[in-house]
file start_37.txt (compact mmCIF, N, CA and C atoms)
# COMPACT_ATOMS: atom_id res chain seq x y z
N MET A 1 3.86 -18.69 -0.42
CA MET A 1 3.64 -18.55 1.01
C MET A 1 3.45 -17.08 1.34
N ILE A 2 2.50 -16.77 2.17
CA ILE A 2 2.24 -15.40 2.58
C ILE A 2 3.21 -15.05 3.70
N GLU A 3 3.95 -13.97 3.49
CA GLU A 3 4.88 -13.52 4.53
C GLU A 3 4.08 -12.96 5.70
N GLN A 4 4.67 -13.00 6.86
CA GLN A 4 3.97 -12.49 8.03
C GLN A 4 4.95 -12.07 9.10
N LYS A 5 4.52 -11.16 9.93
CA LYS A 5 5.25 -10.79 11.13
C LYS A 5 4.59 -11.54 12.27
N ARG A 6 5.38 -12.05 13.16
CA ARG A 6 4.84 -12.86 14.25
C ARG A 6 5.29 -12.29 15.59
N LYS A 7 4.36 -12.24 16.51
CA LYS A 7 4.66 -11.79 17.86
C LYS A 7 4.02 -12.77 18.82
N ILE A 8 4.81 -13.26 19.75
CA ILE A 8 4.29 -14.20 20.74
C ILE A 8 3.98 -13.40 22.01
N THR A 9 2.73 -13.52 22.47
CA THR A 9 2.29 -12.83 23.68
C THR A 9 2.02 -13.86 24.78
N ASP A 10 1.64 -13.38 25.94
CA ASP A 10 1.30 -14.28 27.04
C ASP A 10 0.08 -15.13 26.72
N VAL A 11 -0.77 -14.63 25.83
CA VAL A 11 -2.03 -15.30 25.53
C VAL A 11 -1.91 -16.20 24.30
N GLY A 12 -0.97 -15.91 23.40
CA GLY A 12 -0.82 -16.70 22.19
C GLY A 12 -0.03 -15.95 21.14
N ASP A 13 -0.17 -16.38 19.89
CA ASP A 13 0.54 -15.78 18.76
C ASP A 13 -0.30 -14.72 18.07
N VAL A 14 0.36 -13.68 17.59
CA VAL A 14 -0.25 -12.67 16.74
C VAL A 14 0.53 -12.67 15.43
N LYS A 15 -0.16 -12.91 14.32
CA LYS A 15 0.49 -12.94 13.01
C LYS A 15 -0.09 -11.83 12.15
N ILE A 16 0.78 -11.02 11.60
CA ILE A 16 0.35 -9.93 10.72
C ILE A 16 0.83 -10.28 9.31
N HIS A 17 -0.11 -10.62 8.45
CA HIS A 17 0.22 -11.01 7.08
C HIS A 17 0.49 -9.78 6.23
N ASN A 18 1.23 -9.99 5.16
CA ASN A 18 1.51 -8.90 4.24
C ASN A 18 0.24 -8.31 3.64
N ASN A 19 -0.81 -9.12 3.50
CA ASN A 19 -2.08 -8.60 2.98
C ASN A 19 -2.66 -7.54 3.90
N ALA A 20 -2.46 -7.69 5.21
CA ALA A 20 -2.93 -6.67 6.15
C ALA A 20 -2.15 -5.38 5.95
N ILE A 21 -0.85 -5.49 5.72
CA ILE A 21 -0.03 -4.30 5.48
C ILE A 21 -0.43 -3.65 4.16
N LYS A 22 -0.77 -4.46 3.16
CA LYS A 22 -1.26 -3.91 1.89
C LYS A 22 -2.56 -3.14 2.10
N SER A 23 -3.45 -3.70 2.90
CA SER A 23 -4.73 -3.03 3.16
C SER A 23 -4.52 -1.70 3.88
N ILE A 24 -3.63 -1.70 4.87
CA ILE A 24 -3.33 -0.45 5.59
C ILE A 24 -2.77 0.58 4.61
N THR A 25 -1.88 0.15 3.74
CA THR A 25 -1.28 1.05 2.75
C THR A 25 -2.34 1.60 1.81
N GLU A 26 -3.20 0.73 1.30
CA GLU A 26 -4.24 1.15 0.36
C GLU A 26 -5.18 2.17 1.00
N LEU A 27 -5.63 1.91 2.20
CA LEU A 27 -6.55 2.82 2.88
C LEU A 27 -5.89 4.16 3.20
N THR A 28 -4.63 4.11 3.60
CA THR A 28 -3.90 5.35 3.91
C THR A 28 -3.72 6.20 2.66
N VAL A 29 -3.30 5.59 1.57
CA VAL A 29 -3.07 6.33 0.33
C VAL A 29 -4.37 6.90 -0.23
N SER A 30 -5.47 6.18 -0.05
CA SER A 30 -6.76 6.64 -0.59
C SER A 30 -7.23 7.94 0.05
N LYS A 31 -6.68 8.29 1.20
CA LYS A 31 -7.09 9.51 1.91
C LYS A 31 -6.18 10.70 1.63
N ILE A 32 -5.16 10.51 0.81
CA ILE A 32 -4.19 11.59 0.56
C ILE A 32 -4.60 12.37 -0.68
N ALA A 33 -4.81 13.66 -0.48
CA ALA A 33 -5.18 14.55 -1.59
C ALA A 33 -4.01 14.61 -2.58
N GLY A 34 -4.36 14.58 -3.86
CA GLY A 34 -3.34 14.65 -4.90
C GLY A 34 -3.01 13.29 -5.49
N VAL A 35 -3.54 12.23 -4.88
CA VAL A 35 -3.37 10.88 -5.42
C VAL A 35 -4.66 10.52 -6.13
N VAL A 36 -4.58 10.26 -7.43
CA VAL A 36 -5.76 9.88 -8.20
C VAL A 36 -6.13 8.44 -7.86
N ARG A 37 -5.13 7.55 -7.85
CA ARG A 37 -5.38 6.14 -7.57
C ARG A 37 -4.07 5.39 -7.44
N ILE A 38 -4.16 4.20 -6.89
CA ILE A 38 -3.04 3.26 -6.94
C ILE A 38 -3.09 2.64 -8.32
N ASN A 39 -1.96 2.60 -8.99
CA ASN A 39 -1.93 2.10 -10.37
C ASN A 39 -1.93 0.58 -10.37
N ARG A 40 -3.02 0.01 -10.78
CA ARG A 40 -3.19 -1.44 -10.85
C ARG A 40 -2.73 -1.94 -12.21
N GLY A 41 -2.26 -3.17 -12.23
CA GLY A 41 -1.83 -3.78 -13.48
C GLY A 41 -3.02 -4.21 -14.33
N PRO A 42 -2.74 -4.67 -15.53
CA PRO A 42 -3.82 -5.07 -16.45
C PRO A 42 -4.70 -6.20 -15.92
N LEU A 43 -4.11 -7.17 -15.21
CA LEU A 43 -4.90 -8.28 -14.67
C LEU A 43 -5.93 -7.77 -13.68
N LYS A 44 -5.54 -6.89 -12.79
CA LYS A 44 -6.47 -6.34 -11.80
C LYS A 44 -7.59 -5.56 -12.49
N LYS A 45 -7.26 -4.81 -13.52
CA LYS A 45 -8.28 -4.04 -14.24
C LYS A 45 -9.31 -4.96 -14.89
N ILE A 46 -8.85 -6.07 -15.46
CA ILE A 46 -9.77 -7.02 -16.09
C ILE A 46 -10.66 -7.68 -15.03
N LEU A 47 -10.05 -8.10 -13.92
CA LEU A 47 -10.84 -8.72 -12.84
C LEU A 47 -11.87 -7.74 -12.28
N ASP A 48 -11.48 -6.47 -12.10
CA ASP A 48 -12.42 -5.48 -11.60
C ASP A 48 -13.56 -5.24 -12.58
N SER A 49 -13.25 -5.21 -13.87
CA SER A 49 -14.30 -4.94 -14.87
C SER A 49 -15.31 -6.07 -14.95
N THR A 50 -14.92 -7.28 -14.60
CA THR A 50 -15.84 -8.42 -14.65
C THR A 50 -16.54 -8.65 -13.31
N GLY A 51 -16.13 -7.91 -12.29
CA GLY A 51 -16.73 -8.09 -10.98
C GLY A 51 -15.99 -9.09 -10.10
N ILE A 52 -15.10 -9.85 -10.69
CA ILE A 52 -14.35 -10.85 -9.94
C ILE A 52 -13.37 -10.17 -8.99
N GLY A 53 -12.87 -9.01 -9.36
CA GLY A 53 -11.90 -8.29 -8.55
C GLY A 53 -12.41 -7.94 -7.17
N LYS A 54 -13.73 -7.80 -7.04
CA LYS A 54 -14.31 -7.50 -5.73
C LYS A 54 -14.37 -8.73 -4.84
N VAL A 55 -14.45 -9.89 -5.47
CA VAL A 55 -14.50 -11.15 -4.72
C VAL A 55 -13.09 -11.60 -4.36
N ILE A 56 -12.20 -11.54 -5.34
CA ILE A 56 -10.80 -11.92 -5.13
C ILE A 56 -10.01 -10.63 -4.93
N LYS A 57 -9.56 -10.40 -3.73
CA LYS A 57 -8.88 -9.14 -3.40
C LYS A 57 -7.41 -9.24 -3.80
N ILE A 58 -7.10 -8.76 -4.99
CA ILE A 58 -5.73 -8.68 -5.46
C ILE A 58 -5.35 -7.21 -5.47
N MET A 59 -4.37 -6.86 -4.65
CA MET A 59 -3.97 -5.46 -4.57
C MET A 59 -2.71 -5.25 -5.39
N ASP A 60 -2.83 -5.49 -6.67
CA ASP A 60 -1.74 -5.24 -7.59
C ASP A 60 -1.45 -3.74 -7.52
N GLY A 61 -0.21 -3.37 -7.54
CA GLY A 61 0.16 -1.97 -7.40
C GLY A 61 0.74 -1.69 -6.04
N ILE A 62 0.62 -2.65 -5.12
CA ILE A 62 1.24 -2.57 -3.80
C ILE A 62 1.98 -3.89 -3.57
N LYS A 63 3.26 -3.77 -3.27
CA LYS A 63 4.07 -4.96 -3.02
C LYS A 63 4.69 -4.83 -1.63
N VAL A 64 4.59 -5.89 -0.84
CA VAL A 64 5.16 -5.90 0.51
C VAL A 64 6.15 -7.06 0.59
N GLU A 65 7.37 -6.75 1.00
CA GLU A 65 8.40 -7.76 1.18
C GLU A 65 8.90 -7.67 2.62
N SER A 66 9.00 -8.81 3.26
CA SER A 66 9.50 -8.86 4.63
C SER A 66 10.72 -9.75 4.70
N ASN A 67 11.73 -9.29 5.42
CA ASN A 67 12.90 -10.11 5.68
C ASN A 67 13.47 -9.72 7.04
N GLU A 68 14.61 -10.29 7.38
CA GLU A 68 15.18 -10.04 8.71
C GLU A 68 15.56 -8.58 8.94
N SER A 69 15.80 -7.82 7.88
CA SER A 69 16.19 -6.41 8.06
C SER A 69 14.98 -5.47 8.14
N GLY A 70 13.78 -5.97 7.85
CA GLY A 70 12.60 -5.13 7.96
C GLY A 70 11.57 -5.43 6.89
N THR A 71 10.66 -4.50 6.74
CA THR A 71 9.56 -4.63 5.78
C THR A 71 9.68 -3.52 4.75
N LYS A 72 9.56 -3.88 3.48
CA LYS A 72 9.65 -2.91 2.39
C LYS A 72 8.31 -2.90 1.66
N ILE A 73 7.74 -1.70 1.54
CA ILE A 73 6.48 -1.52 0.83
C ILE A 73 6.78 -0.72 -0.43
N THR A 74 6.37 -1.24 -1.57
CA THR A 74 6.56 -0.54 -2.84
C THR A 74 5.18 -0.35 -3.45
N LEU A 75 4.85 0.89 -3.82
CA LEU A 75 3.55 1.11 -4.44
C LEU A 75 3.66 2.01 -5.65
N ASP A 76 2.78 1.75 -6.60
CA ASP A 76 2.69 2.53 -7.83
C ASP A 76 1.44 3.38 -7.74
N ILE A 77 1.61 4.69 -7.95
CA ILE A 77 0.45 5.57 -7.88
C ILE A 77 0.36 6.44 -9.13
N VAL A 78 -0.84 6.96 -9.34
CA VAL A 78 -1.08 7.97 -10.36
C VAL A 78 -1.39 9.26 -9.61
N ALA A 79 -0.61 10.30 -9.90
CA ALA A 79 -0.78 11.58 -9.23
C ALA A 79 -1.73 12.47 -10.02
N ALA A 80 -2.34 13.40 -9.30
CA ALA A 80 -3.23 14.37 -9.95
C ALA A 80 -2.40 15.39 -10.72
N TYR A 81 -2.90 15.76 -11.88
CA TYR A 81 -2.23 16.76 -12.70
C TYR A 81 -2.14 18.08 -11.93
N GLY A 82 -0.95 18.68 -11.92
CA GLY A 82 -0.76 19.98 -11.30
C GLY A 82 -0.24 19.94 -9.87
N VAL A 83 -0.15 18.76 -9.25
CA VAL A 83 0.35 18.68 -7.88
C VAL A 83 1.88 18.58 -7.89
N ASP A 84 2.48 18.91 -6.77
CA ASP A 84 3.93 18.73 -6.60
C ASP A 84 4.17 17.26 -6.33
N ILE A 85 4.66 16.55 -7.33
CA ILE A 85 4.81 15.09 -7.24
C ILE A 85 5.76 14.69 -6.12
N SER A 86 6.87 15.39 -5.98
CA SER A 86 7.81 15.01 -4.92
C SER A 86 7.21 15.22 -3.54
N GLU A 87 6.38 16.26 -3.39
CA GLU A 87 5.71 16.51 -2.11
C GLU A 87 4.69 15.41 -1.80
N ILE A 88 3.92 15.02 -2.80
CA ILE A 88 2.92 13.96 -2.62
C ILE A 88 3.61 12.64 -2.27
N ALA A 89 4.69 12.32 -2.99
CA ALA A 89 5.41 11.06 -2.73
C ALA A 89 5.97 11.04 -1.31
N ALA A 90 6.53 12.17 -0.86
CA ALA A 90 7.06 12.24 0.50
C ALA A 90 5.95 12.10 1.54
N ARG A 91 4.80 12.68 1.26
CA ARG A 91 3.67 12.55 2.18
C ARG A 91 3.18 11.11 2.26
N ILE A 92 3.13 10.45 1.11
CA ILE A 92 2.73 9.04 1.08
C ILE A 92 3.70 8.22 1.92
N GLN A 93 4.99 8.44 1.73
CA GLN A 93 5.99 7.70 2.49
C GLN A 93 5.79 7.89 3.99
N ASP A 94 5.65 9.14 4.42
CA ASP A 94 5.48 9.44 5.84
C ASP A 94 4.20 8.82 6.41
N GLU A 95 3.08 9.03 5.71
CA GLU A 95 1.80 8.57 6.25
C GLU A 95 1.66 7.05 6.25
N VAL A 96 2.17 6.39 5.20
CA VAL A 96 2.11 4.93 5.16
C VAL A 96 3.01 4.35 6.25
N LYS A 97 4.21 4.87 6.37
CA LYS A 97 5.13 4.38 7.41
C LYS A 97 4.52 4.54 8.80
N GLN A 98 3.94 5.71 9.06
CA GLN A 98 3.32 5.97 10.36
C GLN A 98 2.12 5.05 10.61
N ALA A 99 1.28 4.87 9.60
CA ALA A 99 0.10 4.01 9.76
C ALA A 99 0.50 2.56 10.02
N VAL A 100 1.48 2.06 9.26
CA VAL A 100 1.93 0.68 9.46
C VAL A 100 2.55 0.52 10.85
N GLU A 101 3.36 1.49 11.26
CA GLU A 101 3.97 1.41 12.59
C GLU A 101 2.91 1.44 13.69
N ASN A 102 1.95 2.36 13.57
CA ASN A 102 0.92 2.49 14.60
C ASN A 102 0.02 1.26 14.70
N MET A 103 -0.31 0.66 13.56
CA MET A 103 -1.27 -0.43 13.56
C MET A 103 -0.65 -1.81 13.76
N THR A 104 0.64 -1.95 13.41
CA THR A 104 1.24 -3.28 13.48
C THR A 104 2.43 -3.38 14.43
N GLY A 105 3.01 -2.25 14.79
CA GLY A 105 4.21 -2.27 15.61
C GLY A 105 5.48 -2.52 14.81
N ILE A 106 5.35 -2.59 13.49
CA ILE A 106 6.53 -2.78 12.62
C ILE A 106 7.19 -1.42 12.45
N SER A 107 8.36 -1.26 13.05
CA SER A 107 9.01 0.06 13.01
C SER A 107 10.09 0.16 11.95
N SER A 108 10.37 -0.91 11.26
CA SER A 108 11.44 -0.90 10.27
C SER A 108 10.90 -0.87 8.84
N ALA A 109 9.74 -0.24 8.65
CA ALA A 109 9.14 -0.21 7.32
C ALA A 109 9.82 0.81 6.43
N GLU A 110 10.13 0.39 5.20
CA GLU A 110 10.66 1.27 4.16
C GLU A 110 9.56 1.41 3.12
N VAL A 111 9.31 2.62 2.65
CA VAL A 111 8.23 2.85 1.70
C VAL A 111 8.81 3.48 0.43
N ASP A 112 8.69 2.77 -0.69
CA ASP A 112 9.11 3.28 -1.99
C ASP A 112 7.87 3.62 -2.79
N VAL A 113 7.86 4.81 -3.39
CA VAL A 113 6.72 5.27 -4.17
C VAL A 113 7.17 5.47 -5.61
N ASN A 114 6.48 4.81 -6.53
CA ASN A 114 6.71 4.98 -7.96
C ASN A 114 5.52 5.74 -8.53
N VAL A 115 5.76 6.93 -9.05
CA VAL A 115 4.69 7.69 -9.70
C VAL A 115 4.70 7.28 -11.16
N THR A 116 3.69 6.50 -11.55
CA THR A 116 3.67 5.88 -12.88
C THR A 116 2.82 6.66 -13.88
N GLY A 117 2.15 7.72 -13.40
CA GLY A 117 1.35 8.48 -14.32
C GLY A 117 0.78 9.72 -13.65
N VAL A 118 0.25 10.60 -14.50
CA VAL A 118 -0.40 11.82 -14.04
C VAL A 118 -1.71 11.92 -14.81
N GLU A 119 -2.81 12.16 -14.07
CA GLU A 119 -4.13 12.29 -14.68
C GLU A 119 -4.90 13.41 -14.00
N PRO A 120 -5.91 13.95 -14.68
CA PRO A 120 -6.76 14.93 -13.99
C PRO A 120 -7.47 14.26 -12.82
N GLU A 121 -7.61 14.98 -11.74
CA GLU A 121 -8.30 14.44 -10.58
C GLU A 121 -9.79 14.40 -10.89
N SER A 122 -10.44 13.27 -10.62
CA SER A 122 -11.87 13.15 -10.90
C SER A 122 -12.65 13.98 -9.90
N GLN A 123 -13.76 14.51 -10.34
CA GLN A 123 -14.57 15.40 -9.48
C GLN A 123 -15.50 14.61 -8.62
call {"tool": "encode", "arguments": {"input": "start_37.txt", "output": "structure tokens"}}
result
Amino acid sequence: MIEQKRKITDVGDVKIHNNAIKSITELTVSKIAGVVRINRGPLKKILDSTGIGKVIKIMDGIKVESNESGTKITLDIVAAYGVDISEIAARIQDEVKQAVENMTGISSAEVDVNVTGVEPESQ
């Protein structure tokens, strides 16, 4: 079952699925200098190499969990060689939290960043 945040308005229901939060996270992280990429698992790499990954949107490397205490986002990234990893991770946490709050109204988001590798930044 896809987790979702639900808000009832005068006009009807608004449901924000975890996939929307994953998309916000992915787009936010892609704009941060010093991040080479979100680290995808082997299944995602195989699907992307065959072209299926573009049709079936699996955002392996980003996990969103929602419960009564809030929303937890966990992401695996590869940092650029030579950057201050702790600074990049803190920036990711701040920017993802702010983007999710601004776009969804979810103010209880926790963001965990796992730096799983370091690579040269592509030109």
call {"tool": "closest_residue", "arguments": {"input": "start_37.txt", "among": "A:Glu87, A:Asp13, A:Glu110, A:Asp76", "to": "Ile62 of chain A", "atoms": "only C-alpha atoms"}}
result
A:Asp76
call {"tool": "atom_distance", "arguments": {"input": "start_37.txt", "atom1": "atom CA of Ala89 of chain A", "atom2": "atom C of Val113 of chain A"}}
result
6.5 Å
call {"tool": "residues_around", "arguments": {"input": "start_37.txt", "residues": "Ser122 of chain A", "least_positions_apart": "2", "cutoff": "8 Å", "atoms": "only N, CA and C atoms", "output": "PyMOL selection string"}}
result
chain A and resi 35-36+80+119-120
call {"tool": "select_by_dssp", "arguments": {"input": "start_37.txt", "residues": "segment 7-114 of chain A", "states": "strand (DSSP E)", "output": "CSV table (one decimal) with N, CA and C atoms, in the frame of the given file"}}
result
chain,number,residue,atom,x,y,z
A,7,LYS,N,4.4,-12.2,16.5
A,7,LYS,CA,4.7,-11.8,17.9
A,7,LYS,C,4.0,-12.8,18.8
A,8,ILE,N,4.8,-13.3,19.8
A,8,ILE,CA,4.3,-14.2,20.7
A,8,ILE,C,4.0,-13.4,22.0
A,13,ASP,N,-0.2,-16.4,19.9
A,13,ASP,CA,0.5,-15.8,18.8
A,13,ASP,C,-0.3,-14.7,18.1
A,14,VAL,N,0.4,-13.7,17.6
A,14,VAL,CA,-0.2,-12.7,16.7
A,14,VAL,C,0.5,-12.7,15.4
A,15,LYS,N,-0.2,-12.9,14.3
A,15,LYS,CA,0.5,-12.9,13.0
A,15,LYS,C,-0.1,-11.8,12.2
A,16,ILE,N,0.8,-11.0,11.6
A,16,ILE,CA,0.4,-9.9,10.7
A,16,ILE,C,0.8,-10.3,9.3
A,17,HIS,N,-0.1,-10.6,8.4
A,17,HIS,CA,0.2,-11.0,7.1
A,17,HIS,C,0.5,-9.8,6.2
A,35,VAL,N,-3.5,12.2,-4.9
A,35,VAL,CA,-3.4,10.9,-5.4
A,35,VAL,C,-4.7,10.5,-6.1
A,36,VAL,N,-4.6,10.3,-7.4
A,36,VAL,CA,-5.8,9.9,-8.2
A,36,VAL,C,-6.1,8.4,-7.9
A,37,ARG,N,-5.1,7.6,-7.8
A,37,ARG,CA,-5.4,6.1,-7.6
A,37,ARG,C,-4.1,5.4,-7.4
A,38,ILE,N,-4.2,4.2,-6.9
A,38,ILE,CA,-3.0,3.3,-6.9
A,38,ILE,C,-3.1,2.6,-8.3
A,62,ILE,N,0.6,-2.6,-5.1
A,62,ILE,CA,1.2,-2.6,-3.8
A,62,ILE,C,2.0,-3.9,-3.6
A,63,LYS,N,3.3,-3.8,-3.3
A,63,LYS,CA,4.1,-5.0,-3.0
A,63,LYS,C,4.7,-4.8,-1.6
A,64,VAL,N,4.6,-5.9,-0.8
A,64,VAL,CA,5.2,-5.9,0.5
A,64,VAL,C,6.2,-7.1,0.6
A,65,GLU,N,7.4,-6.8,1.0
A,65,GLU,CA,8.4,-7.8,1.2
A,65,GLU,C,8.9,-7.7,2.6
A,66,SER,N,9.0,-8.8,3.3
A,66,SER,CA,9.5,-8.9,4.6
A,66,SER,C,10.7,-9.8,4.7
A,67,ASN,N,11.7,-9.3,5.4
A,67,ASN,CA,12.9,-10.1,5.7
A,67,ASN,C,13.5,-9.7,7.0
A,70,GLY,N,13.8,-6.0,7.8
A,70,GLY,CA,12.6,-5.1,8.0
A,70,GLY,C,11.6,-5.4,6.9
A,71,THR,N,10.7,-4.5,6.7
A,71,THR,CA,9.6,-4.6,5.8
A,71,THR,C,9.7,-3.5,4.8
A,72,LYS,N,9.6,-3.9,3.5
A,72,LYS,CA,9.6,-2.9,2.4
A,72,LYS,C,8.3,-2.9,1.7
A,73,ILE,N,7.7,-1.7,1.5
A,73,ILE,CA,6.5,-1.5,0.8
A,73,ILE,C,6.8,-0.7,-0.4
A,74,THR,N,6.4,-1.2,-1.6
A,74,THR,CA,6.6,-0.5,-2.8
A,74,THR,C,5.2,-0.4,-3.4
A,75,LEU,N,4.8,0.9,-3.8
A,75,LEU,CA,3.6,1.1,-4.4
A,75,LEU,C,3.7,2.0,-5.6
A,76,ASP,N,2.8,1.8,-6.6
A,76,ASP,CA,2.7,2.5,-7.8
A,76,ASP,C,1.4,3.4,-7.7
A,77,ILE,N,1.6,4.7,-8.0
A,77,ILE,CA,0.4,5.6,-7.9
A,77,ILE,C,0.4,6.4,-9.1
A,78,VAL,N,-0.8,7.0,-9.3
A,78,VAL,CA,-1.1,8.0,-10.4
A,78,VAL,C,-1.4,9.3,-9.6
A,79,ALA,N,-0.6,10.3,-9.9
A,79,ALA,CA,-0.8,11.6,-9.2
A,79,ALA,C,-1.7,12.5,-10.0
A,80,ALA,N,-2.3,13.4,-9.3
A,80,ALA,CA,-3.2,14.4,-10.0
A,80,ALA,C,-2.4,15.4,-10.7
A,109,ALA,N,9.7,-0.2,8.6
A,109,ALA,CA,9.1,-0.2,7.3
A,109,ALA,C,9.8,0.8,6.4
A,110,GLU,N,10.1,0.4,5.2
A,110,GLU,CA,10.7,1.3,4.2
A,110,GLU,C,9.6,1.4,3.1
A,111,VAL,N,9.3,2.6,2.6
A,111,VAL,CA,8.2,2.8,1.7
A,111,VAL,C,8.8,3.5,0.4
A,112,ASP,N,8.7,2.8,-0.7
A,112,ASP,CA,9.1,3.3,-2.0
A,112,ASP,C,7.9,3.6,-2.8
A,113,VAL,N,7.9,4.8,-3.4
A,113,VAL,CA,6.7,5.3,-4.2
A,113,VAL,C,7.2,5.5,-5.6
A,114,ASN,N,6.5,4.8,-6.5
A,114,ASN,CA,6.7,5.0,-8.0
A,114,ASN,C,5.5,5.7,-8.5
call {"tool": "closest_residue", "arguments": {"input": "start_37.txt", "among": "A:Lys31, A:Arg37, A:Lys22, A:Asp112", "to": "Ala90 of chain A", "atoms": "only C-alpha atoms"}}
result
A:Asp112
call {"tool": "residues_around", "arguments": {"input": "start_37.txt", "residues": "Ala109 of chain A", "least_positions_apart": "4", "cutoff": "6.5 Å", "atoms": "all atoms listed in the file", "output": "list in words"}}
result
Gly70, Thr71, Lys72, Ile73 and Lys97 of chain A
